[in-house]
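What follows is one structure encoded as structure tokens, with my remarks underneath.
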Amino acid sequence: ENGFWPTRLLGLRRAWDSQAVNDLEDSYGQEWTYSDRKILEYTCHTAFFVSIVVVQWADLIICKTRKNSVFQQGMKNHFMNFGLCFETALAAFLSYTPGMDKGLRMYPLKINWWLPALPFSLAIFCYDETRKFLLRRNPGGWIEKETYY
């Protein structure tokens with residue numbers, strides 16, 4: 001489609017931020033006007049914000065217990081469940097509500113732009129479940145001394 005290869009990004013900032021440059025060419029030959037570049041930049045900022053929200057899902061769930069697995073504990077805390085839903089709804093609201101491009105410079109995302117953070121969220125969750133398993137299996141061991149808070 002379009003975009004800039006990493007090797008093309010070095011030294012690009014001056015032309016990217018220049019309002020006088022309205023024909024900046026990307027790695028695929030597409031030309032970008034100043035306003036199109038800024039829309040792309042702010043859309044990427046929105047995607048970064050959404051990826052933080054997605055990773056926070058795992059952070060909230062793993063902080064629920066110190067040693068028990070989430071599968072042992074369950075997801076019965078209605079306030080926490082509401083918080084998960086609320087933060088997701090708020091991110092969607094901020095991303096998709098008309099006028100946010102003017103107020104907060106947040107632009108609507110394609111649905112698949114929510115997905116890149118999912119593997120990181122899953123990795124955090126799996127890491128902590130493994131850590132908790134090792135804590136329960138070897139109480140007082142090295143893992144507990146180094147990672148238990």
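Starting from 1 in every chain, residues are counted up; chains themselves are A, B, ... following the order of the structure tokens, and ligands are numbered from 1 as listed.
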
Residues at most 10 Å from range 96-105 of chain A, counting only C-alpha atoms, excluding those fewer than 3 positions away in the same chain, as a list in words?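 Listing them by chain and then by number gives Lys38, Ile39, Glu41, Tyr42, Thr43, His45, Thr46, Leu90, Ala91, Ala92, Phe93, Pro108, Leu109 and Lys110 of chain A.
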
Give me a file of those residues, with N, CA, C and O atoms, as a short mmCIF file (atom, residue, chain, number, x, y, z; two decimals), in the first residue's frame.
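Done, and the output landed in part_38.cif:
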```cif
data_model
loop_
_atom_site.label_atom_id
_atom_site.label_comp_id
_atom_site.auth_asym_id
_atom_site.auth_seq_id
_atom_site.Cartn_x
_atom_site.Cartn_y
_atom_site.Cartn_z
N LYS A 38 0.16 14.84 8.64
CA LYS A 38 -0.26 15.09 10.02
C LYS A 38 -1.41 14.19 10.43
O LYS A 38 -1.46 13.70 11.57
N ILE A 39 -2.34 13.93 9.53
CA ILE A 39 -3.42 12.99 9.83
C ILE A 39 -2.85 11.60 10.10
O ILE A 39 -3.24 10.92 11.06
N GLU A 41 0.20 10.94 11.17
CA GLU A 41 0.94 11.01 12.43
C GLU A 41 0.00 10.93 13.63
O GLU A 41 0.23 10.17 14.58
N TYR A 42 -1.10 11.67 13.59
CA TYR A 42 -2.04 11.66 14.72
C TYR A 42 -2.81 10.35 14.80
O TYR A 42 -3.16 9.91 15.89
N THR A 43 -3.03 9.72 13.66
CA THR A 43 -3.65 8.39 13.68
C THR A 43 -2.71 7.39 14.35
O THR A 43 -3.14 6.52 15.12
N HIS A 45 -0.54 8.17 16.65
CA HIS A 45 -0.60 8.49 18.09
C HIS A 45 -1.81 7.81 18.72
O HIS A 45 -1.71 7.27 19.83
N THR A 46 -2.94 7.82 18.02
CA THR A 46 -4.14 7.15 18.53
C THR A 46 -3.90 5.65 18.65
O THR A 46 -4.29 5.03 19.64
N LEU A 90 -13.83 3.69 26.67
CA LEU A 90 -13.30 5.05 26.64
C LEU A 90 -12.30 5.22 25.49
O LEU A 90 -12.32 6.23 24.79
N ALA A 91 -11.44 4.23 25.29
CA ALA A 91 -10.49 4.30 24.17
C ALA A 91 -11.23 4.33 22.84
O ALA A 91 -10.88 5.09 21.94
N ALA A 92 -12.28 3.51 22.72
CA ALA A 92 -13.08 3.51 21.49
C ALA A 92 -13.80 4.85 21.31
O ALA A 92 -13.85 5.40 20.21
N PHE A 93 -14.34 5.37 22.40
CA PHE A 93 -15.02 6.66 22.35
C PHE A 93 -14.07 7.76 21.90
O PHE A 93 -14.39 8.57 21.02
N PRO A 108 -9.94 8.16 13.95
CA PRO A 108 -10.48 6.80 13.97
C PRO A 108 -9.47 5.79 13.42
O PRO A 108 -8.73 6.10 12.50
N LEU A 109 -9.49 4.61 14.02
CA LEU A 109 -8.58 3.54 13.60
C LEU A 109 -9.36 2.45 12.88
O LEU A 109 -10.52 2.20 13.19
N LYS A 110 -8.69 1.80 11.95
CA LYS A 110 -9.25 0.58 11.40
C LYS A 110 -9.23 -0.46 12.53
O LYS A 110 -8.36 -0.42 13.40
#
```

Excluding Val21 in chain A and its own-chain neighbours fewer than 3 positions away, which residues fall within 8 Å of it when counting only C-alpha atoms? Please give them as a ChimeraX atom specification. /A:15-16,18,24,33-34

What would the file look like if the residues just selected were written as a compact mmCIF listing (two decimals), in the first residue's frame with C-alpha atoms?
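Result file follows (result.txt):
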```
# COMPACT_ATOMS: atom_id res chain seq x y z
CA ALA A 15 10.68 17.55 5.47
CA TRP A 16 7.86 15.81 7.40
CA SER A 18 7.60 21.43 6.78
CA LEU A 24 6.91 14.08 0.23
CA THR A 33 0.79 16.50 1.49
CA TYR A 34 1.46 18.21 4.81
```

Selection: 7 Å around Phe125 in chain A, only C-alpha atoms, excl. self and same-chain fewer than 4 positions, as a PyMOL selection string: chain A and resi 58+62+121+129

What's the 12 Å shell around range 81-89 of chain A, counting only C-alpha atoms, without same-chain residues fewer than 2 positions away, as number ranges by chain? A: 49-61, 64, 74-79, 91-97, 114
